[in-house]
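Report on the structure given below.
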Amino acid sequence: MEPEPDSGKKSLTRRDVLKLGLAAGAAAAAAAGRPLHNRVTAAQLVPPAHSGHGDFSGTVGDVDLSRFDPTEFLTAFDWGQESAGPDGRTLREWEVVAVDREIEIAPGVFFPAWTYNGQVPGPTFRCVEGDRLRFRFFNRSSHPHTIHFHGFHPPSMDGVEPLVQPGEEFIYEFTARPFGVHPYHCHVMSLKKHIHKGLYGTLIIDPPGGRPPARELVMVMNAFDPNFDGENEVYAVNTVAFHYMKHPVQVRAGELVRVYLVNITEFDLVNSFHLHAGMFRLYRTGTSLDFFEWTDTVTMGQGERAVLEFILEEPGRYMFHAHQSEFAELGWTGFFEALA
Amino acid sequence: MYKEEPARAAAPRLPAWTAGLIPLLVLGALLLLFSAVNPLGMFSQDLPPIEALTIERIKVLDNGFEVSVLNSGPDPVTIAQVMVDDAYWQFSAQPGQRLARLARATVFIPYQWIYAEPHNIILVTDTGLTFAGEVAVAAPTPTPGLREFAGYGLMGVYVGVIPVAVGLMWYPAMRRMGRKWLEALLALTLGLLVFLLIDTFLEVLETGAAVPAAFQAVPLAVFAALLTWLAIAALSARRRAGAEPARGLYLAGLIALSIGLHNFGEGLAVGAALALGEVALGTFLVVGFILHNLTEGVGIAAPLVKDAGQETEEGRSGPPLAVFAGLALLAGFPAVLGAWIGGFAFSPLLGVIFLGIGLGAIWQVIVEVAALLRRSASREGGALSWTNLGGFLLGLAIMYLTALLVKF
């Protein structure tokens, strides 16, 4: 059942514009729909230290974006080396290298990561259902690793055995199916360690006919435990705490936005995605073209993923964050900025 | 060969201090060589640095927290981010976020804290290590204003001066006691002092645990104790060599001084507890300390009674009132000082040193009171009489039982 999103929208518009001028971030959302004088009071109550967009993000400073820029990562889809396969299918080939690398997970906070191709999350591989996929995997790390893809493939290509020892290589080859959004990650014991150190990424398999045109973004909900106490100290989408607070995700008001969302968060049972001032169509696992529900919050266990489609109707900043407040305040909060 | 002779002849003409420099020069050269060659490299395997931050004090301000941090580890540490109650928060660090070994920084965190609730502050270093500090009960940390000064001073007076003064008021009653009971009283004083000795030592360990390891708090306290003990022992030896007009008064003064140093520690505890907002404990604590320290007055008065016993034979009465007032202040006023320091500027390191001084003083007083008891008792056959033993145990028991009121 699709609700009619247009009803009553115009009256909200004027209030939205008003509230954006009055208060920042969450305070603004909380004030929505209240009489004007109440909202003024709410704005006055915001203490000086919390006011203004710039001060709202908890971390001080910014990371070195020349090493890894989460904004670029959002739209970096790697289609691989494309050629015609022997059976007429499209063959796509990639080289994946496991390397140890120190990454910056919050301004000034460094984490000794294990990575695919030197980045966390690993590259977002993209293909169309039915394509033949070939991943040539080199292990230049100090530990044995594999690539375990979710989805259909022969058990021999499952990335559980054999272990690829340091200095060795392995070729994973299978046919892409089913269409949807699928995580991939290392599957060497101890699994907790190998995943949370950074060996994960996203494989997007498009349906044969494709999806409607949209502004497409990939978001991997991840977290880090830099003091190795079995609890995460930093939460984010795409690694860097509060990156999209400091650098809002820019989209156009009125355009269709599609988020490929994956939860790979280690240690915590669930993670979630919550959109402010709007609703999204939820396609769980992305394996069906009929949407599952119309909502503004989706909660996922580790390994779960979804395709989210929404339109930000008015220009302005739309917050999005984990609806586990703790995660939100430890880095997993950002803004979409809808431009006119 | 021959050309060396003038040089050798010139060598003795070098001043003595240059000869003293030679080992230092050699040491310097060796250290340079060591750091250049770095033989430790084969042990380190490029391991991450060892980081240790000590949060010395968290001040609760009207608009946030002010955290005093010490780098107590062997390597420099950079404070990269700050969390309050598991949320990253804005902060600024003076003089900067990077702390050299044993350097200090003040981290200011603007925060709307919640009155009477606990807040947890975590400093995240650039390697992702975390160091936590707690505000147990959030309430504005007192700033040294006149009113606060008077308030904390008054607490010190209640905890230190008043009980000692009240205890001293038993003096007239004590003067009417027989010699046997007076000795029992001295034994009771000994019991009290032994309790204070152990109590002070435990406080050294407890306070010392809060001091960064690099400062070696417990050895420092023990050195302070040794030094104090030797100083007082030397002082006493010089007195014994000269005339001995008022040995009892001297001993009472020593007891008062050593008890004063102990009460300084108690003042610190009370001041710090009040500053931490543990006000609910305040009344209970103050009443407890009054009962606890009452006995100290008795202990101070005991050697005076022995003096008076001798003096009345010469037809003189006890010491003038001013002496009692002086003794009460000597034993009690340090509690006022302690309350001020504990409330406004507590430094565990300074606290440990003061406690060490108290430890040495108490030890020497035990030695002297025991000697006095032995000397006077030898006339009537043995200091270890049942009454003396009873007095000693009573002293311990009173201190133990009243301490139940003040330990938490």
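Here's how to read the names in the structure tokens: chain A, B, ... by the order shown, residue numbers from 1 in each chain, ligand numbers from 1 in the order shown.
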
B:Asp199 surroundings by only C-alpha atoms, 12 Å radius, close-in-sequence under 2 positions cut, as a PyMOL selection string: chain B and resi 192-197+201-206+259+262-263+265-266+355-356+358-359+362+396+399-400+403+407

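Using only C-alpha atoms, the contacts of stretch 124-128 of chain A at a cut-off of 6 Å, with sequence neighbours closer than 2 positions omitted, comprise Phe77, Asp78, Trp79, Asp131, Thr202, Leu203, Ile204, Ile205 and Asp206 of chain A.
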
So that I have them on file, write out the residues from the current selection with C-alpha atoms, as a tab-separated table (two decimals), in the first residue's frame.
chain	number	residue	atom	x	y	z
A	77	PHE	CA	30.98	2.13	-8.72
A	78	ASP	CA	33.59	-0.21	-10.09
A	79	TRP	CA	32.24	-2.05	-13.15
A	131	ASP	CA	27.24	-11.33	-15.97
A	202	THR	CA	29.48	-4.10	-1.49
A	203	LEU	CA	28.56	-6.00	-4.66
A	204	ILE	CA	25.65	-4.46	-6.53
A	205	ILE	CA	23.94	-6.67	-9.10
A	206	ASP	CA	21.53	-4.70	-11.27

Contact residues around B:Arg101 with only C-alpha atoms at 8 Å, ignoring same-chain residues under 3 positions, as a VMD selection string: chain B and resid 71 to 77

Could you list, as a ChimeraX atom specification, the residues of chain B having an atom within 6 Å of chain A when counting only C-alpha atoms? /B:80,87-90,126-129

Go ahead and dump the residues you just picked, C-alpha atoms, as a short mmCIF file (atom, residue, chain, number, x, y, z; two decimals), in the first residue's frame.
data_model
loop_
_atom_site.label_atom_id
_atom_site.label_comp_id
_atom_site.auth_asym_id
_atom_site.auth_seq_id
_atom_site.Cartn_x
_atom_site.Cartn_y
_atom_site.Cartn_z
CA ALA B 80 42.44 13.35 19.09
CA ALA B 87 29.05 10.78 22.42
CA TYR B 88 31.77 12.66 20.58
CA TRP B 89 31.90 16.21 21.73
CA GLN B 90 33.53 19.52 20.90
CA ASP B 126 45.31 9.31 17.88
CA THR B 127 45.91 5.55 18.10
CA GLY B 128 42.34 5.05 19.25
CA LEU B 129 43.14 4.25 22.87
#

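Excluding B:Leu154 and any residue on its chain fewer than 4 positions from it, the residues at most 8 Å away by only C-alpha atoms are B:Ala150, B:Tyr158, B:Val336.
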
Figure out the distance between atom CA of B:Pro140 and atom CA of B:Gly332, please, to one decimal in Å. 28.3 Å

Could you tell me, as JSON, numbers by chain, which residues of stretch 130-276 of chain B DSSP assigns to alpha helix (DSSP H) when given the backbone? {"B": [146, 147, 148, 149, 150, 151, 152, 153, 154, 155, 156, 162, 163, 164, 165, 166, 167, 168, 171, 172, 173, 174, 175, 179, 180, 181, 182, 183, 184, 185, 186, 187, 188, 189, 190, 191, 192, 193, 194, 195, 196, 197, 198, 199, 200, 201, 202, 203, 204, 205, 206, 207, 208, 209, 217, 218, 219, 220, 221, 222, 223, 224, 225, 226, 227, 228, 229, 230, 231, 232, 233, 234, 235, 236, 237, 238, 239, 240, 241, 247, 248, 249, 250, 251, 252, 253, 254, 255, 256, 257, 258, 259, 260, 261, 262, 263, 264, 265, 266, 267, 268, 269, 270, 271, 272, 273, 274, 275]}

Quick one: pick out all strand (DSSP E) residues within stretch 79-270 of chain B from a backbone DSSP run and write them as an MDAnalysis selection string. chainID B and resid 79:84 88:89 92:94 98:99 104:110 119:125 130:135

Extract, using only C-alpha atoms, all DNA, RNA and protein residues at most 8 Å from B:Pro142, discarding same-chain residues fewer than 2 positions from it, and format them as a PyMOL selection string. chain B and resi 140+144+148+275+343-344
